[in-house]
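A.B. asks: Below is the file structure24.pdb, with PDB, C-alpha atoms.
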```pdb
MODEL        1
ATOM      1  CA  MET A   1       1.565 -23.786  -2.189
ATOM      2  CA  SER A   2       2.569 -21.862  -5.274
ATOM      3  CA  THR A   3       5.791 -22.882  -7.006
ATOM      4  CA  ARG A   4       6.675 -19.209  -7.429
ATOM      5  CA  LEU A   5       9.435 -17.800  -5.239
ATOM      6  CA  TRP A   6       7.349 -14.962  -3.759
ATOM      7  CA  ASP A   7       3.756 -14.717  -2.594
ATOM      8  CA  VAL A   8       3.656 -10.910  -2.738
ATOM      9  CA  VAL A   9       6.075  -8.294  -4.052
ATOM     10  CA  ALA A  10       5.440  -4.562  -3.858
ATOM     11  CA  LEU A  11       6.925  -1.583  -5.670
ATOM     12  CA  GLY A  12       7.100   1.982  -4.408
ATOM     13  CA  GLU A  13       8.732   4.406  -1.996
ATOM     14  CA  ALA A  14       9.524   3.813   1.657
ATOM     15  CA  MET A  15      10.303   6.691   4.007
ATOM     16  CA  VAL A  16      11.351   7.412   7.550
ATOM     17  CA  GLU A  17       8.372   8.551   9.620
ATOM     18  CA  PHE A  18       8.070  11.027  12.484
ATOM     19  CA  ASN A  19       4.649  10.507  14.041
ATOM     20  CA  GLN A  20       3.229  13.000  16.533
ATOM     21  CA  THR A  21       2.297  11.265  19.778
ATOM     22  CA  ARG A  22       0.753  14.282  21.564
ATOM     23  CA  ALA A  23      -1.624  16.428  19.522
ATOM     24  CA  GLY A  24      -0.515  20.048  19.385
ATOM     25  CA  GLU A  25       2.887  19.317  20.938
ATOM     26  CA  PRO A  26       6.293  18.686  19.296
ATOM     27  CA  HIS A  27       6.613  15.097  20.462
ATOM     28  CA  TYR A  28       7.292  12.575  17.685
ATOM     29  CA  GLN A  29       7.952   8.857  17.508
ATOM     30  CA  GLN A  30      10.424   7.849  14.815
ATOM     31  CA  GLY A  31       9.264   4.974  12.664
ATOM     32  CA  PHE A  32       8.928   3.984   9.052
ATOM     33  CA  GLY A  33       6.290   4.391   6.381
ATOM     34  CA  GLY A  34       5.494   4.473   2.708
ATOM     35  CA  ASP A  35       2.275   2.808   1.611
ATOM     36  CA  THR A  36       3.604  -0.167  -0.350
ATOM     37  CA  SER A  37       6.386  -0.761   2.187
ATOM     38  CA  ASN A  38       3.782  -0.822   4.944
ATOM     39  CA  ALA A  39       1.729  -3.273   2.915
ATOM     40  CA  ILE A  40       4.623  -5.628   2.199
ATOM     41  CA  ILE A  41       5.640  -5.688   5.869
ATOM     42  CA  ALA A  42       2.012  -6.388   6.786
ATOM     43  CA  ALA A  43       2.002  -9.267   4.293
ATOM     44  CA  ALA A  44       5.247 -10.632   5.734
ATOM     45  CA  ARG A  45       3.872 -10.488   9.287
ATOM     46  CA  ALA A  46       0.822 -12.372   8.008
ATOM     47  CA  GLY A  47       3.134 -15.172   6.881
ATOM     48  CA  ALA A  48       3.661 -14.390   3.183
ATOM     49  CA  ARG A  49       6.973 -14.748   1.339
ATOM     50  CA  THR A  50       7.702 -11.187   0.311
ATOM     51  CA  ALA A  51      10.095  -8.882  -1.559
ATOM     52  CA  TYR A  52      10.242  -5.123  -1.999
ATOM     53  CA  LEU A  53      11.216  -3.227  -5.151
ATOM     54  CA  SER A  54      12.492   0.285  -4.542
ATOM     55  CA  ARG A  55      15.373   2.733  -4.316
ATOM     56  CA  VAL A  56      16.714   4.406  -1.168
ATOM     57  CA  GLY A  57      19.495   6.867  -0.505
ATOM     58  CA  ALA A  58      22.998   5.644   0.278
ATOM     59  CA  ASP A  59      22.558   7.291   3.656
ATOM     60  CA  ALA A  60      21.875   6.365   7.258
ATOM     61  CA  LEU A  61      18.103   6.538   6.771
ATOM     62  CA  GLY A  62      18.255   4.254   3.747
ATOM     63  CA  GLN A  63      20.306   1.782   5.760
ATOM     64  CA  ARG A  64      17.696   1.853   8.510
ATOM     65  CA  LEU A  65      15.051   0.884   5.988
ATOM     66  CA  LEU A  66      17.186  -1.960   4.650
ATOM     67  CA  SER A  67      17.681  -3.171   8.216
ATOM     68  CA  LEU A  68      13.945  -2.909   8.869
ATOM     69  CA  TRP A  69      13.072  -5.071   5.859
ATOM     70  CA  ALA A  70      15.718  -7.624   6.806
ATOM     71  CA  GLN A  71      14.274  -7.801  10.315
ATOM     72  CA  GLU A  72      10.782  -8.268   8.860
ATOM     73  CA  GLN A  73      11.978 -10.993   6.438
ATOM     74  CA  VAL A  74      11.212  -8.897   3.371
ATOM     75  CA  ASP A  75      13.735  -9.620   0.617
ATOM     76  CA  THR A  76      15.682  -6.538  -0.571
ATOM     77  CA  HIS A  77      17.683  -7.814  -3.546
ATOM     78  CA  ALA A  78      15.622  -5.445  -5.729
ATOM     79  CA  VAL A  79      16.256  -2.360  -3.561
ATOM     80  CA  GLU A  80      18.942  -0.077  -5.001
ATOM     81  CA  GLN A  81      20.939   2.473  -3.000
ATOM     82  CA  ASP A  82      21.432   5.829  -4.737
ATOM     83  CA  PRO A  83      24.551   7.788  -3.681
ATOM     84  CA  GLN A  84      23.205  10.982  -5.262
ATOM     85  CA  ALA A  85      19.710  11.197  -3.754
ATOM     86  CA  ALA A  86      18.268  11.077  -0.252
ATOM     87  CA  THR A  87      15.791   8.788   1.438
ATOM     88  CA  GLY A  88      12.411  10.482   1.917
ATOM     89  CA  ILE A  89      11.037  11.670   5.256
ATOM     90  CA  TYR A  90       7.494  12.509   6.378
ATOM     91  CA  PHE A  91       5.770  13.855   9.462
ATOM     92  CA  VAL A  92       2.325  12.886  10.778
ATOM     93  CA  SER A  93       0.393  15.343  12.952
ATOM     94  CA  HIS A  94      -2.906  14.621  14.709
ATOM     95  CA  GLY A  95      -5.876  16.852  15.452
ATOM     96  CA  PRO A  96      -9.691  17.051  15.512
ATOM     97  CA  GLN A  97      -9.869  16.417  11.749
ATOM     98  CA  GLY A  98      -7.715  13.287  11.903
ATOM     99  CA  HIS A  99      -4.119  12.850  10.769
ATOM    100  CA  GLU A 100      -2.231  15.103   8.372
ATOM    101  CA  PHE A 101       0.948  14.366   6.422
ATOM    102  CA  SER A 102       3.885  16.664   5.644
ATOM    103  CA  TYR A 103       6.523  15.338   3.246
ATOM    104  CA  LEU A 104      10.239  15.924   2.609
ATOM    105  CA  ARG A 105      10.520  13.638  -0.402
ATOM    106  CA  ALA A 106      11.145  15.841  -3.470
ATOM    107  CA  HIS A 107      13.885  14.344  -5.671
ATOM    108  CA  SER A 108      14.202  11.345  -3.359
ATOM    109  CA  ALA A 109      16.032   8.212  -4.443
ATOM    110  CA  ALA A 110      12.747   6.390  -5.029
ATOM    111  CA  SER A 111      11.391   9.198  -7.208
ATOM    112  CA  ARG A 112      14.342   8.574  -9.548
ATOM    113  CA  MET A 113      13.205   5.052 -10.416
ATOM    114  CA  ASP A 114      12.560   4.515 -14.129
ATOM    115  CA  PRO A 115      11.654   1.606 -16.437
ATOM    116  CA  ALA A 116      15.341   0.961 -17.221
ATOM    117  CA  TRP A 117      16.000   0.332 -13.510
ATOM    118  CA  LEU A 118      13.019  -2.006 -13.417
ATOM    119  CA  ALA A 119      14.439  -4.208 -16.181
ATOM    120  CA  GLY A 120      17.009  -5.881 -13.912
ATOM    121  CA  THR A 121      16.406  -7.638 -10.608
ATOM    122  CA  PRO A 122      12.976  -6.018  -9.999
ATOM    123  CA  ALA A 123      11.578  -7.527 -13.210
ATOM    124  CA  SER A 124      12.815 -10.956 -12.165
ATOM    125  CA  CYS A 125      11.093 -10.611  -8.787
ATOM    126  CA  ILE A 126       7.820  -9.629 -10.448
ATOM    127  CA  ALA A 127       7.950 -12.665 -12.738
ATOM    128  CA  GLN A 128       8.462 -14.965  -9.739
ATOM    129  CA  ALA A 129       5.581 -13.619  -7.642
ATOM    130  CA  GLN A 130       1.939 -14.547  -7.243
ATOM    131  CA  TRP A 131       0.984 -10.907  -6.640
ATOM    132  CA  LEU A 132       2.451  -7.497  -7.476
ATOM    133  CA  HIS A 133       1.164  -4.615  -5.347
ATOM    134  CA  VAL A 134       1.412  -1.005  -6.583
ATOM    135  CA  SER A 135      -0.301   2.262  -5.714
ATOM    136  CA  GLY A 136      -1.200   5.745  -6.824
ATOM    137  CA  ILE A 137       1.471   7.186  -4.532
ATOM    138  CA  SER A 138       4.116   5.191  -6.388
ATOM    139  CA  MET A 139       2.821   6.802  -9.584
ATOM    140  CA  ALA A 140       2.620  10.322  -8.150
ATOM    141  CA  ILE A 141       6.154  10.838  -6.855
ATOM    142  CA  SER A 142       7.574  11.530 -10.344
ATOM    143  CA  ASP A 143       6.829  11.075 -14.036
ATOM    144  CA  THR A 144       9.488   8.370 -14.344
ATOM    145  CA  ALA A 145       8.106   6.554 -11.306
ATOM    146  CA  CYS A 146       4.667   6.627 -12.924
ATOM    147  CA  ASP A 147       6.151   5.122 -16.084
ATOM    148  CA  THR A 148       7.843   2.485 -13.922
ATOM    149  CA  VAL A 149       4.572   1.452 -12.286
ATOM    150  CA  PHE A 150       2.896   0.999 -15.663
ATOM    151  CA  ALA A 151       5.906  -0.970 -16.916
ATOM    152  CA  ALA A 152       5.781  -3.181 -13.809
ATOM    153  CA  MET A 153       2.094  -3.881 -14.346
ATOM    154  CA  ALA A 154       2.803  -4.825 -17.967
ATOM    155  CA  LEU A 155       5.619  -7.160 -16.898
ATOM    156  CA  ALA A 156       3.325  -8.788 -14.355
ATOM    157  CA  ARG A 157       0.617  -9.440 -16.901
ATOM    158  CA  THR A 158       3.129 -10.987 -19.299
ATOM    159  CA  ALA A 159       4.462 -13.244 -16.523
ATOM    160  CA  GLY A 160       1.039 -14.294 -15.246
ATOM    161  CA  THR A 161       1.548 -12.417 -11.972
ATOM    162  CA  GLN A 162      -1.651 -10.938 -10.589
ATOM    163  CA  VAL A 163      -1.709  -7.180  -9.937
ATOM    164  CA  ALA A 164      -3.286  -5.407  -6.964
ATOM    165  CA  PHE A 165      -3.644  -1.624  -7.128
ATOM    166  CA  ASP A 166      -4.551   0.878  -4.407
ATOM    167  CA  ALA A 167      -5.448   4.385  -5.613
ATOM    168  CA  ASN A 168      -4.040   6.001  -2.441
ATOM    169  CA  LEU A 169      -4.747   9.519  -3.662
ATOM    170  CA  ARG A 170      -2.404  12.240  -2.392
ATOM    171  CA  LEU A 171      -3.192  15.594  -4.010
ATOM    172  CA  LYS A 172      -0.094  17.138  -2.425
ATOM    173  CA  LEU A 173       1.878  15.013  -4.891
ATOM    174  CA  TRP A 174       0.065  15.601  -8.192
ATOM    175  CA  PRO A 175      -2.869  17.510  -9.725
ATOM    176  CA  LEU A 176      -6.307  15.918  -9.568
ATOM    177  CA  ALA A 177      -6.720  15.796 -13.367
ATOM    178  CA  ARG A 178      -3.465  13.870 -13.829
ATOM    179  CA  ALA A 179      -4.298  11.592 -10.903
ATOM    180  CA  GLN A 180      -7.700  10.807 -12.424
ATOM    181  CA  ALA A 181      -6.203   9.958 -15.811
ATOM    182  CA  CYS A 182      -3.365   7.792 -14.498
ATOM    183  CA  ILE A 183      -5.390   5.993 -11.840
ATOM    184  CA  ARG A 184      -8.198   5.254 -14.273
ATOM    185  CA  GLN A 185      -5.705   3.694 -16.679
ATOM    186  CA  ALA A 186      -4.113   1.654 -13.892
ATOM    187  CA  ILE A 187      -7.472   0.294 -12.731
ATOM    188  CA  GLY A 188      -7.951  -1.261 -16.145
ATOM    189  CA  LEU A 189      -4.601  -3.030 -15.898
ATOM    190  CA  CYS A 190      -5.046  -4.663 -12.488
ATOM    191  CA  ASP A 191      -6.731  -7.840 -11.287
ATOM    192  CA  LEU A 192      -7.775  -6.463  -7.901
ATOM    193  CA  PHE A 193      -8.571  -2.840  -7.059
ATOM    194  CA  LEU A 194      -8.257  -1.814  -3.383
ATOM    195  CA  PRO A 195      -9.410   1.826  -3.104
ATOM    196  CA  SER A 196     -10.626   3.758  -0.096
ATOM    197  CA  TYR A 197     -14.057   5.375  -0.140
ATOM    198  CA  ASP A 198     -12.784   8.912   0.500
ATOM    199  CA  ASP A 199     -10.266   8.690  -2.347
ATOM    200  CA  MET A 200     -12.925   7.491  -4.746
ATOM    201  CA  VAL A 201     -15.351  10.281  -3.852
ATOM    202  CA  THR A 202     -12.636  12.753  -4.830
ATOM    203  CA  LEU A 203     -11.619  10.856  -7.957
ATOM    204  CA  THR A 204     -15.077  10.138  -9.344
ATOM    205  CA  GLY A 205     -17.461  12.651  -7.745
ATOM    206  CA  LEU A 206     -19.669   9.720  -6.704
ATOM    207  CA  THR A 207     -20.814   9.303  -3.112
ATOM    208  CA  ASP A 208     -22.727   6.003  -3.186
ATOM    209  CA  ALA A 209     -20.392   3.128  -2.375
ATOM    210  CA  HIS A 210     -22.021   0.723  -4.816
ATOM    211  CA  ALA A 211     -21.946   3.306  -7.588
ATOM    212  CA  ILE A 212     -18.209   3.658  -6.925
ATOM    213  CA  ILE A 213     -17.772  -0.094  -7.235
ATOM    214  CA  ASP A 214     -19.825  -0.098 -10.470
ATOM    215  CA  TRP A 215     -17.595   2.666 -11.843
ATOM    216  CA  SER A 216     -14.484   0.700 -10.894
ATOM    217  CA  HIS A 217     -15.662  -2.450 -12.640
ATOM    218  CA  ALA A 218     -16.542  -0.364 -15.704
ATOM    219  CA  GLN A 219     -12.835   0.520 -16.032
ATOM    220  CA  GLY A 220     -12.106  -3.170 -16.576
ATOM    221  CA  VAL A 221     -11.038  -4.545 -13.191
ATOM    222  CA  PRO A 222     -12.643  -7.913 -12.274
ATOM    223  CA  GLN A 223     -12.372  -7.694  -8.449
ATOM    224  CA  VAL A 224     -12.893  -4.711  -6.132
ATOM    225  CA  VAL A 225     -12.623  -4.337  -2.364
ATOM    226  CA  LEU A 226     -13.755  -0.846  -1.334
ATOM    227  CA  LYS A 227     -12.236   0.121   2.025
ATOM    228  CA  LEU A 228     -14.631   2.078   4.256
ATOM    229  CA  GLY A 229     -12.296   2.869   7.167
ATOM    230  CA  ALA A 230     -13.979   2.263  10.524
ATOM    231  CA  GLU A 231     -17.070   0.956   8.692
ATOM    232  CA  GLY A 232     -15.203  -2.020   7.220
ATOM    233  CA  ALA A 233     -15.202  -2.869   3.526
ATOM    234  CA  ILE A 234     -17.394  -3.987   0.633
ATOM    235  CA  VAL A 235     -16.198  -7.014  -1.318
ATOM    236  CA  SER A 236     -17.140  -7.365  -4.992
ATOM    237  CA  PRO A 237     -15.596 -10.540  -6.471
ATOM    238  CA  ALA A 238     -16.875  -9.907 -10.021
ATOM    239  CA  PRO A 239     -18.907  -7.265 -11.869
ATOM    240  CA  ASP A 240     -22.063  -9.386 -11.867
ATOM    241  CA  ALA A 241     -21.549 -11.130  -8.506
ATOM    242  CA  ALA A 242     -23.242 -10.488  -5.179
ATOM    243  CA  ARG A 243     -21.415  -8.040  -2.919
ATOM    244  CA  THR A 244     -20.737  -8.524   0.778
ATOM    245  CA  THR A 245     -20.139  -5.876   3.418
ATOM    246  CA  VAL A 246     -17.544  -6.777   6.017
ATOM    247  CA  ALA A 247     -18.432  -4.759   9.115
ATOM    248  CA  GLY A 248     -15.777  -2.768  10.944
ATOM    249  CA  GLN A 249     -14.782  -3.619  14.512
ATOM    250  CA  SER A 250     -15.570  -1.300  17.419
ATOM    251  CA  VAL A 251     -12.148  -0.204  18.707
ATOM    252  CA  THR A 252     -10.516   2.931  20.104
ATOM    253  CA  ALA A 253      -8.434   4.258  17.235
ATOM    254  CA  LEU A 254      -5.237   6.062  18.269
ATOM    255  CA  ASP A 255      -3.641   6.402  14.825
ATOM    256  CA  ALA A 256      -5.093   5.395  11.464
ATOM    257  CA  THR A 257      -1.784   5.928   9.629
ATOM    258  CA  GLY A 258      -1.187   2.933   7.386
ATOM    259  CA  ALA A 259      -4.435   1.154   8.262
ATOM    260  CA  GLY A 260      -5.399   0.807   4.605
ATOM    261  CA  ASP A 261      -1.931  -0.516   3.795
ATOM    262  CA  CYS A 262      -2.254  -3.041   6.621
ATOM    263  CA  PHE A 263      -5.564  -4.131   5.109
ATOM    264  CA  SER A 264      -4.061  -4.523   1.641
ATOM    265  CA  GLY A 265      -0.990  -6.455   2.779
ATOM    266  CA  ASN A 266      -2.971  -8.889   4.899
ATOM    267  CA  LEU A 267      -5.554  -9.363   2.157
ATOM    268  CA  LEU A 268      -2.883 -10.246  -0.404
ATOM    269  CA  ALA A 269      -1.117 -12.577   2.014
ATOM    270  CA  ARG A 270      -4.313 -14.525   2.567
ATOM    271  CA  LEU A 271      -5.148 -14.606  -1.152
ATOM    272  CA  ALA A 272      -1.658 -15.966  -1.851
ATOM    273  CA  ALA A 273      -2.316 -18.631   0.794
ATOM    274  CA  GLY A 274      -5.425 -19.705  -1.115
ATOM    275  CA  ASP A 275      -8.249 -17.966   0.752
ATOM    276  CA  PRO A 276     -11.309 -16.782  -1.215
ATOM    277  CA  LEU A 277     -11.595 -13.013  -1.584
ATOM    278  CA  LEU A 278     -14.283 -12.632   1.098
ATOM    279  CA  SER A 279     -12.379 -14.658   3.704
ATOM    280  CA  ALA A 280      -9.204 -12.732   2.912
ATOM    281  CA  ALA A 281     -11.069  -9.440   3.369
ATOM    282  CA  GLN A 282     -12.471 -10.552   6.718
ATOM    283  CA  TYR A 283      -8.962 -11.385   7.903
ATOM    284  CA  ALA A 284      -7.609  -8.074   6.587
ATOM    285  CA  ASN A 285     -10.426  -6.176   8.308
ATOM    286  CA  ALA A 286      -9.459  -7.712  11.650
ATOM    287  CA  ALA A 287      -5.791  -6.857  11.084
ATOM    288  CA  ALA A 288      -6.625  -3.232  10.255
ATOM    289  CA  ALA A 289      -8.732  -2.910  13.411
ATOM    290  CA  LEU A 290      -5.728  -4.033  15.440
ATOM    291  CA  THR A 291      -3.252  -1.672  13.789
ATOM    292  CA  VAL A 292      -5.229   1.528  14.479
ATOM    293  CA  GLN A 293      -4.894   0.909  18.220
ATOM    294  CA  GLY A 294      -1.188   1.826  18.173
ATOM    295  CA  PHE A 295       0.998   4.638  16.827
ATOM    296  CA  GLY A 296       3.033   4.453  13.632
ATOM    297  CA  ALA A 297       2.534   2.902  10.224
ATOM    298  CA  VAL A 298       4.783  -0.103  10.909
ATOM    299  CA  ALA A 299       5.170  -0.502  14.668
ATOM    300  CA  SER A 300       1.505  -1.374  15.183
ATOM    301  CA  LEU A 301       1.127  -3.819  12.275
ATOM    302  CA  PRO A 302      -0.120  -7.121  13.733
ATOM    303  CA  HIS A 303       1.405 -10.549  13.267
ATOM    304  CA  ALA A 304      -0.687 -13.541  12.229
ATOM    305  CA  ALA A 305      -0.946 -14.760  15.829
ATOM    306  CA  ASP A 306      -2.380 -11.390  16.889
ATOM    307  CA  VAL A 307      -5.091 -11.578  14.242
ATOM    308  CA  GLN A 308      -5.940 -15.153  15.134
ATOM    309  CA  ALA A 309      -6.167 -14.218  18.828
ATOM    310  CA  SER A 310      -8.470 -11.241  18.173
ATOM    311  CA  GLY A 311     -11.566 -13.432  17.945
ATOM    312  CA  TRP A 312     -12.748 -11.464  14.908
ATOM    313  CA  ILE A 313     -12.133 -14.121  12.254
TER     314      ILE A 313
ENDMDL
END
```
Mind turning the file's structure into structure tokens?
C.D. replies:
Amino acid sequence: MSTRLWDVVALGEAMVEFNQTRAGEPHYQQGFGGDTSNAIIAAARAGARTAYLSRVGADALGQRLLSLWAQEQVDTHAVEQDPQAATGIYFVSHGPQGHEFSYLRAHSAASRMDPAWLAGTPASCIAQAQWLHVSGISMAISDTACDTVFAAMALARTAGTQVAFDANLRLKLWPLARAQACIRQAIGLCDLFLPSYDDMVTLTGLTDAHAIIDWSHAQGVPQVVLKLGAEGAIVSPAPDAARTTVAGQSVTALDATGAGDCFSGNLLARLAAGDPLLSAAQYANAAAALTVQGFGAVASLPHAADVQASGWI
């Protein structure tokens, strides 16, 4: 086991979620979301030692998130409460085209993070972790948050902490041209890139999965796992190494919200435990297939025993 205090730490914004449970009707289940928060909870449920780096409002919703992380055994010493800004909220609606997000997060507490905030307890957590997980959403919520993500990646590299990055493109949050520039720069600063196929088609204009992986490696990242949704994932452990497709599982998907985050968190937990990249991806693929069978980004995240009992690994 690593001598570092944490297996995985993640940085970003968590929000309170209202997820539609009946398509076309105003029935919502209250839960929690935020891509990197989902991922860190997934990692914790997979058995990793975890911590989250963020800011929430000094409000009832922020307190609910703090309570959630405590319940999930995610350390919150690097979560700051802001008395002058609110905790973000989002709604998920479902229809024939899949799920759609609506956000109430402008000027949220997390969007007010900046590199000066990072320099305290968050920086210490990063230095004591095996893996730092960040995403394009964390970069998109504000200019200062984007600066903070780049600063966190730089701190990780200095400390010998490995960096995982998920593009998680949300064009409601920033223009495509800025997203392309920032995400491309971030890819070159990470050790493991965890994009989804649909995001990469939009970002690069490429449609062939292997061409997307080639493009990703060309930005400087050594390892890529391209998430294909229901089709599984393609694992590329090095630019010149053989690639392996991990097939998706045949399940009835009720809600794909957070499935990619579930994949990322479980993958990092297994890497921190010493699994090779392919084995970690196979485990993460099984976990993601379990999570889409329930509603909500967090409520349906599986525990390690659930994944082991699935018979898929």
A.B. asks: As a list in words, please: the residues near Ala289 (chain A) (cut-off 8 Å, all atoms listed in the file, same-chain neighbours under 4 positions excluded).
C.D. replies: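 Near neighbours after the sequence-gap exclusion: Ala230, Gly248, Gln249, Val251, Ala259, Asn285 and Gln293 of chain A.
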A.B. asks: List the residues matched by the PyMOL selection byres ((chain A and resi 166-183) around 7) in the displayed structure as a ChimeraX atom specification, ordered by chain and then by residue number.
C.D. replies: /A:134-137,140-141,164-165,184-187,193-195,199,203
A.B. asks: Quick one: of A:His94, A:Cys190, A:Tyr197, A:Pro237, who's nearest to Tyr28 (chain A), counting all atoms listed in the file?
C.D. replies: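 Smallest separation from Tyr28 (chain A) among the options: A:His94.
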A.B. asks: When you look at region 14-16 of chain A with a cut-off of 7 Å (counting only C-alpha atoms), what residues show up, excluding the ones that are within fewer than 5 positions of it in the same chain? I need them as a PDB file with C-alpha atoms, keeping the file's coordinate frame.
C.D. replies:
```
ATOM      1  CA  GLY A  31       9.264   4.974  12.664  1.00  0.00           C
ATOM      2  CA  PHE A  32       8.928   3.984   9.052  1.00  0.00           C
ATOM      3  CA  GLY A  33       6.290   4.391   6.381  1.00  0.00           C
ATOM      4  CA  GLY A  34       5.494   4.473   2.708  1.00  0.00           C
ATOM      5  CA  SER A  37       6.386  -0.761   2.187  1.00  0.00           C
ATOM      6  CA  LEU A  61      18.103   6.538   6.771  1.00  0.00           C
ATOM      7  CA  THR A  87      15.791   8.788   1.438  1.00  0.00           C
ATOM      8  CA  GLY A  88      12.411  10.482   1.917  1.00  0.00           C
ATOM      9  CA  ILE A  89      11.037  11.670   5.256  1.00  0.00           C
ATOM     10  CA  TYR A  90       7.494  12.509   6.378  1.00  0.00           C
TER      11      TYR A  90
END
```
A.B. asks: With a distance cut-off of 6 Å and only C-alpha atoms, select the neighbouring residues of Asp261 (chain A), excluding the residue or stretch itself and same-chain residues fewer than 5 positions from it, and output the selection as an MDAnalysis selection string.
C.D. replies: chainID A and resid 35 38:39
A.B. asks: Apply the PyMOL selection byres ((chain A and resi 150-155) around 8) to the structure shown and report the selected residues as a ChimeraX atom specification.
C.D. replies: /A:115,118,123,126-127,132,146-149,156-159,163,186,189-190
A.B. asks: With distances taken over all atoms listed in the file, which residue among A:Ala284, A:Asp198, A:Ala272, A:Ala43 lies nearest Thr3 (chain A)?
C.D. replies: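 Counting all atoms listed in the file, the residue closest to Thr3 (chain A) is A:Ala272.
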A.B. asks: Kindly indicate which residue among A:Gly57, A:Gly232, A:Gly220, A:Gly205 lies nearest to Ala110 (chain A), using all atoms listed in the file for the distances.
C.D. replies: A:Gly57
A.B. asks: Would you list the contacts of Arg55 (chain A) as a VMD selection string, taking every protein, DNA or RNA residue within 9 Å and counting all atoms listed in the file, but skipping same-chain residues closer than 2 positions in sequence?
C.D. replies: chain A and resid 12 to 14 53 57 62 78 to 82 87 108 to 113
A.B. asks: Quote the spacing between CA of Thr36 (chain A) and CA of His133 (chain A) in Å to one decimal place.
C.D. replies: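 Spanning CA of Thr36 (chain A) to CA of His133 (chain A) is a straight-line distance of 7.1 Å.
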A.B. asks: One decimal, Å: what's the distance from CA of Asp214 (chain A) over to CA of Val246 (chain A), could you say?
C.D. replies: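 We find that CA of Asp214 (chain A) and CA of Val246 (chain A) lie 17.9 Å from each other.
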A.B. asks: Mind giving me the straight-line distance from CA of His217 (chain A) to CA of Ala241 (chain A) in Å, one decimal?
C.D. replies: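 Straight-line distance from CA of His217 (chain A) to CA of Ala241 (chain A) works out to 11.3 Å.
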A.B. asks: Run the PyMOL selection byres ((chain A and resi 72) around 8) on the file and write out the hits as a PyMOL selection string.
C.D. replies: chain A and resi 41+44-45+68-71+73-74
A.B. asks: I'd like the contact shell of Leu254 (chain A) - 8 Å cut-off, only C-alpha atoms, skipping same-chain residues fewer than 6 positions apart - returned as an MDAnalysis selection string.
C.D. replies: chainID A and resid 292:295
A.B. asks: Pick the closest to Asp208 (chain A) from A:Asp191, A:Leu228, A:Phe18, A:Arg49: which is it, counting all atoms listed in the file?
C.D. replies: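 Residue with the minimum atom-to-atom distance to Asp208 (chain A): A:Leu228.
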A.B. asks: Looking at A:Thr121, A:Ser142, A:Thr257, A:Ser67, which one is nearest to Gln20 (chain A), with distances taken over only C-alpha atoms?
C.D. replies: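 Selected residue with least distance to Gln20 (chain A): A:Thr257.
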A.B. asks: Please complete region 273-282 of chain A with N, CA, C and O atoms and give it back as a PDB file, in the frame of the given file.
C.D. replies:
```pdb
ATOM      1  N   ALA A 273      -2.222 -17.365   0.061  1.00  0.00           N
ATOM      2  CA  ALA A 273      -2.316 -18.631   0.794  1.00  0.00           C
ATOM      3  C   ALA A 273      -3.482 -19.488   0.324  1.00  0.00           C
ATOM      4  O   ALA A 273      -3.628 -20.629   0.770  1.00  0.00           O
ATOM      5  N   GLY A 274      -4.328 -18.925  -0.549  1.00  0.00           N
ATOM      6  CA  GLY A 274      -5.425 -19.705  -1.115  1.00  0.00           C
ATOM      7  C   GLY A 274      -6.803 -19.367  -0.612  1.00  0.00           C
ATOM      8  O   GLY A 274      -7.783 -20.006  -1.006  1.00  0.00           O
ATOM      9  N   ASP A 275      -6.927 -18.346   0.252  1.00  0.00           N
ATOM     10  CA  ASP A 275      -8.249 -17.966   0.752  1.00  0.00           C
ATOM     11  C   ASP A 275      -9.094 -17.343  -0.355  1.00  0.00           C
ATOM     12  O   ASP A 275      -8.568 -16.635  -1.219  1.00  0.00           O
ATOM     13  N   PRO A 276     -10.417 -17.540  -0.329  1.00  0.00           N
ATOM     14  CA  PRO A 276     -11.309 -16.782  -1.215  1.00  0.00           C
ATOM     15  C   PRO A 276     -11.252 -15.300  -0.857  1.00  0.00           C
ATOM     16  O   PRO A 276     -10.850 -14.932   0.254  1.00  0.00           O
ATOM     17  N   LEU A 277     -11.691 -14.453  -1.785  1.00  0.00           N
ATOM     18  CA  LEU A 277     -11.595 -13.013  -1.584  1.00  0.00           C
ATOM     19  C   LEU A 277     -12.327 -12.556  -0.321  1.00  0.00           C
ATOM     20  O   LEU A 277     -11.805 -11.732   0.442  1.00  0.00           O
ATOM     21  N   LEU A 278     -13.524 -13.068  -0.072  1.00  0.00           N
ATOM     22  CA  LEU A 278     -14.283 -12.632   1.098  1.00  0.00           C
ATOM     23  C   LEU A 278     -13.569 -13.005   2.394  1.00  0.00           C
ATOM     24  O   LEU A 278     -13.442 -12.183   3.307  1.00  0.00           O
ATOM     25  N   SER A 279     -13.087 -14.233   2.487  1.00  0.00           N
ATOM     26  CA  SER A 279     -12.379 -14.658   3.704  1.00  0.00           C
ATOM     27  C   SER A 279     -11.117 -13.831   3.917  1.00  0.00           C
ATOM     28  O   SER A 279     -10.790 -13.448   5.046  1.00  0.00           O
ATOM     29  N   ALA A 280     -10.414 -13.544   2.816  1.00  0.00           N
ATOM     30  CA  ALA A 280      -9.204 -12.732   2.912  1.00  0.00           C
ATOM     31  C   ALA A 280      -9.535 -11.329   3.403  1.00  0.00           C
ATOM     32  O   ALA A 280      -8.797 -10.738   4.209  1.00  0.00           O
ATOM     33  N   ALA A 281     -10.656 -10.775   2.940  1.00  0.00           N
ATOM     34  CA  ALA A 281     -11.069  -9.440   3.369  1.00  0.00           C
ATOM     35  C   ALA A 281     -11.472  -9.429   4.839  1.00  0.00           C
ATOM     36  O   ALA A 281     -11.211  -8.444   5.557  1.00  0.00           O
ATOM     37  N   GLN A 282     -12.102 -10.478   5.304  1.00  0.00           N
ATOM     38  CA  GLN A 282     -12.471 -10.552   6.718  1.00  0.00           C
ATOM     39  C   GLN A 282     -11.225 -10.579   7.601  1.00  0.00           C
ATOM     40  O   GLN A 282     -11.163  -9.915   8.643  1.00  0.00           O
TER      41      GLN A 282
END
```
